[in-house]
Amino acid sequence: MSADACMIKCTALELDRIVTGGRVEKVLQPEKDEINLLVHTAAGSLRLLISASPNNPRVCVTQTQKENPAKAYMFCMLLRKHLNGSHITSITQCGFERVILLEFDTGDEMGFRVKNRIYVEIMGRNSNLVFCDEQDKIISAFRTSDLTSPSDRKIVPGLVYELPPKQDKLDTMSISKDQFLSVIGSLDPNMGAAEAIFTTFAGLSPMTAREMVFSAVGNSTASLAECPSGLLWNSFNSIVQCVKDGNFTPCIVYESNPERKPIDYSFMCIRQYGESAECIPFSSASAAIDGFFSARDKAERMKQKLNDINTILKNAKNRLTKKISLQTQELVECESSSSMKLFGDLITQEIYKIKKGDGSVTATDYSTDPPSEVNIKLDTRLTPAQNAQKYYRGFTKKKNAYIELIKQISIAKSELDYIDSVFDSLSRVETVAQTEEIREELSKSGYGKASLSASISREKQKKPKPAELRSPHGYKVLLGRNNLQNDYVTTVLADKNDYWFHVKNYPGSHVVLVTEGAEPPAEDFTFCAELCAFYSRLSRADSADVDYTLARYVKKPVGSKPGYVTYDKYFTAHVCPKDNFSLPANENSNITQTLYNRERMNRQS
């Protein structure tokens with residue numbers, strides 16, 4: 001992982017310089033494995049993020065503000081009790097380990113000064129946050145141990161905290177040149193030089209080891225035989241000396257393509273990727289770490305939160321698709337029902353020459369030109385009249401089944417359209433609040449009631465918060481981001497003289513141009529049509545047809561699914577989906593700069 005002991009030292013030194021002495025004003029826990037401390041320092045207020053996520057562990061000052069749960073976690077309540085109003089006295093690295101220690105000076109219930117400590121273990125899937133008193137007795141932790149576990153090191157409240165056991169590697173910070181050359185010389189010459197450094201010396205990540213080799217011979221994959229030990233030592237010692245001196249250059253490595261996805265981050269400039277990547281230096285370790293993780297962490301968290309919704313929708317879509325296929329096959333069979341009526345008529349026509357017990361009868365069909373002979377099977381147990389009635393009943397049954405199948409197939413296709421509209425809404429989810437709106441919508445629509453309704457708060461549901469923008473000439477524009485918001489925009493917020501927009505025959509956002517009785521210029525209509533196309537299934541299409549009409553002509557049928565409306569007396573605009581709209585300035589909007597940049601990048605790619 002990128003957060004090796006070198007990066008931890010870089011981060012700890014920076015945080016000790018800018019955060020130490022600050023007063024903790026508030027403790028927040030937006031995620032189960034993440035703490036945010038709002039700290040007031042002499043230079044101003046800042047947000048210290050402490051994450052023990054298995055995929056994204058880190059400690060840094062962040063600019064990202066996440067939504068907090070309606071009910072605080074118990075761990076958060078505990079930290080608030082002990083840390084609110086405390087002062088951070090130091091932030092240090094424990095030895096040369098991937099552990100950061102934060103010390104706090106605060107007062108207890110009696111007013112006596114006490115100290116508390118937080119140990120942040122940044123170790124991939126074994127990452128943890130351990131809260132202790134000044135004697136290192138564990139008060140609580142994100143992840144506690146089982147007393148019956150065979151491990152010697154246990155994280156259990158009441159026990160004394162112990163640092164993670166050291167790896168069986170040499171101390172990187174104290175190795176001498178002779179020791180280095182001796183150890184490297186004893187290894188297999190065919191072994192990769194980067195692998196040799198990583199597995200031999202403590203506190204180095206594979207990327208740091210590869211950079212040492214690249215600095216020595218210009219090839220990060222060189223073997224020990226291809227890498228002179230003297231050059232390797234010079235490169236190794238140069239980087240280690242920078243770490244000892246605190247001479248860091250935090251950076252993020254991006255892919256050198258239009259998408260510019262972040263590859264990695266480090267405490268020094270990385271050159272090993274060559275022309276396939278671009279190394280961008282940052283002014284601080286926190287800026288580099290926060291920049292690297294913010295987009296990836298956000299996408300991962302939202303994916304986890306939407307996983308159950310996606311599962312329910314996919315299962316429902318597969319079920320409906322299978323149902324429609326079977327019903328279509330049955331519909332084809334019902335289309336042959338006219339022959340059953342013909343057989344009944346022909347049996348009645350020839351009834352005079354049929355006897356009970358006959359297995360078949362050959363009748364002349366005079367409805368064809370020329371007349372044709374038709375062989376009809378009979379039930380030997382029935383009389384001729386009963387055989388005719390059997391065919392008539394079969395005809396009536398298939399005729400009724402045909403009518404019902406047409407109805408059921410239409411209903412199933414409407415359900416599929418609705419599910420597609422929810423999938424379209426999911427593609428634009430940005431916040432937890434929008435996720436909960438979709439959960440509420442699905443629960444009301446009868447999908448996954450048992451699993452989804454439990455996730456919805458028992459409290460009174462808040463009103464949807466559609467986005468607000470401004471058209472080129474200053475008119476208010478309302479944008480629904482999911483079906484609940486679409487209904488709210490169309491049926492509650494829109495006045496009968498406002499203009500309503502929706503992409504033709506595809507799921508997407510409802511857009512309302514608020515006119516307040518005036519007639520907006522043509523440029524504003526184009527703006528709304530392009531906005532509507534951009535926030536729809538056709539966002540990446542070269543062109544799209546957008547229907548628009550006065551809101552008075554838009555109706556929502558009683559009992560229809562969320563987001564479903566009918567309309568007439570409309571016009572159609574042929575536009576290209578564009579992202580040339582102005583971002584909303586009000587704080588209630590759900591469109592953020594991050595989402596805007598992401599969707600613009602998707603459009604350009």
# chains A, B, ... in the order shown; residues from 1 in each chain; ligands from 1
>>> residues_around(residues="range 70-84 of chain A", least_positions_apart="5", cutoff="6 Å", atoms="only C-alpha atoms", output="VMD selection string")
chain A and resid 24 to 27 29
>>> select_by_dssp(residues="range 190-281 of chain A", states="strand (DSSP E)", output="number ranges by chain")
A: 251-255, 262-266, 277-281
>>> residues_around(residues="Phe131 in chain A", least_positions_apart="2", cutoff="8 Å", atoms="only C-alpha atoms", output="ChimeraX atom specification")
/A:116-119,129,133,138-141
>>> write_last_selection(atoms="N, CA, C and O atoms", output="CSV table (one decimal), in the first residue's frame")
chain,number,residue,atom,x,y,z
A,116,ASN,N,-5.7,11.8,27.1
A,116,ASN,CA,-6.2,10.6,26.3
A,116,ASN,C,-5.4,10.5,25.0
A,116,ASN,O,-4.7,11.4,24.6
A,117,ARG,N,-5.4,9.3,24.5
A,117,ARG,CA,-4.6,9.0,23.3
A,117,ARG,C,-5.5,8.2,22.3
A,117,ARG,O,-6.3,7.4,22.6
A,118,ILE,N,-5.2,8.5,21.0
A,118,ILE,CA,-5.7,7.7,19.9
A,118,ILE,C,-4.6,7.1,19.1
A,118,ILE,O,-3.7,7.9,18.6
A,119,TYR,N,-4.6,5.8,19.0
A,119,TYR,CA,-3.6,5.1,18.1
A,119,TYR,C,-4.3,4.8,16.8
A,119,TYR,O,-5.3,4.1,16.8
A,129,LEU,N,-8.5,1.9,14.9
A,129,LEU,CA,-8.4,3.1,15.7
A,129,LEU,C,-8.7,2.7,17.1
A,129,LEU,O,-9.7,2.1,17.4
A,133,ASP,N,-6.5,5.7,27.6
A,133,ASP,CA,-6.3,6.7,28.6
A,133,ASP,C,-4.7,7.0,28.6
A,133,ASP,O,-4.0,6.4,27.8
A,138,ILE,N,-6.9,0.5,27.2
A,138,ILE,CA,-7.9,0.6,26.1
A,138,ILE,C,-9.2,1.0,26.7
A,138,ILE,O,-9.8,0.3,27.5
A,139,ILE,N,-9.8,2.1,26.1
A,139,ILE,CA,-11.2,2.4,26.5
A,139,ILE,C,-12.2,1.9,25.4
A,139,ILE,O,-13.2,1.3,25.8
A,140,SER,N,-11.8,2.0,24.2
A,140,SER,CA,-12.6,1.4,23.1
A,140,SER,C,-11.8,1.4,21.8
A,140,SER,O,-10.7,2.0,21.8
A,141,ALA,N,-12.4,0.8,20.8
A,141,ALA,CA,-11.7,0.7,19.5
A,141,ALA,C,-12.7,0.5,18.4
A,141,ALA,O,-13.9,0.0,18.7
>>> select_by_dssp(residues="range 58-183 of chain A", states="helix (DSSP H, G or I)", output="list of chain:residue names")
A:Met74, A:Phe75, A:Cys76, A:Met77, A:Leu78, A:Leu79, A:Arg80, A:Lys81, A:His82, A:Leu83, A:Gly124, A:Arg125, A:Asn126, A:Lys177, A:Asp178, A:Gln179, A:Phe180, A:Leu181, A:Ser182, A:Val183
>>> residues_around(residues="Tyr161 in chain A", least_positions_apart="5", cutoff="9 Å", atoms="only C-alpha atoms", output="PyMOL selection string")
chain A and resi 130+132+135-138+153-156
>>> atom_distance(atom1="CA of Ile403 in chain A", atom2="CA of Tyr418 in chain A")
23.1 Å
>>> residues_around(residues="range 362-375 of chain A", least_positions_apart="6", cutoff="9 Å", atoms="only C-alpha atoms", output="CSV table (one decimal) with C-alpha atoms, in the first residue's frame")
chain,number,residue,atom,x,y,z
A,342,LEU,CA,-63.7,-23.8,-36.7
A,343,PHE,CA,-63.5,-27.4,-35.4
A,346,LEU,CA,-67.4,-28.4,-38.4
A,347,ILE,CA,-68.4,-31.0,-35.8
A,349,GLN,CA,-72.0,-29.3,-39.3
A,350,GLU,CA,-71.3,-33.0,-39.5
>>> residues_around(residues="Arg47 in chain A", least_positions_apart="2", cutoff="10 Å", atoms="only C-alpha atoms", output="ChimeraX atom specification")
/A:19,24,26-28,35-40,45,49-50,60-65
>>> atom_distance(atom1="CA of Val160 in chain A", atom2="CA of Asn128 in chain A")
15.5 Å
>>> closest_residue(among="A:Arg17, A:Lys244, A:Arg58, A:Arg428", to="Phe293 in chain A", atoms="only C-alpha atoms")
A:Arg58
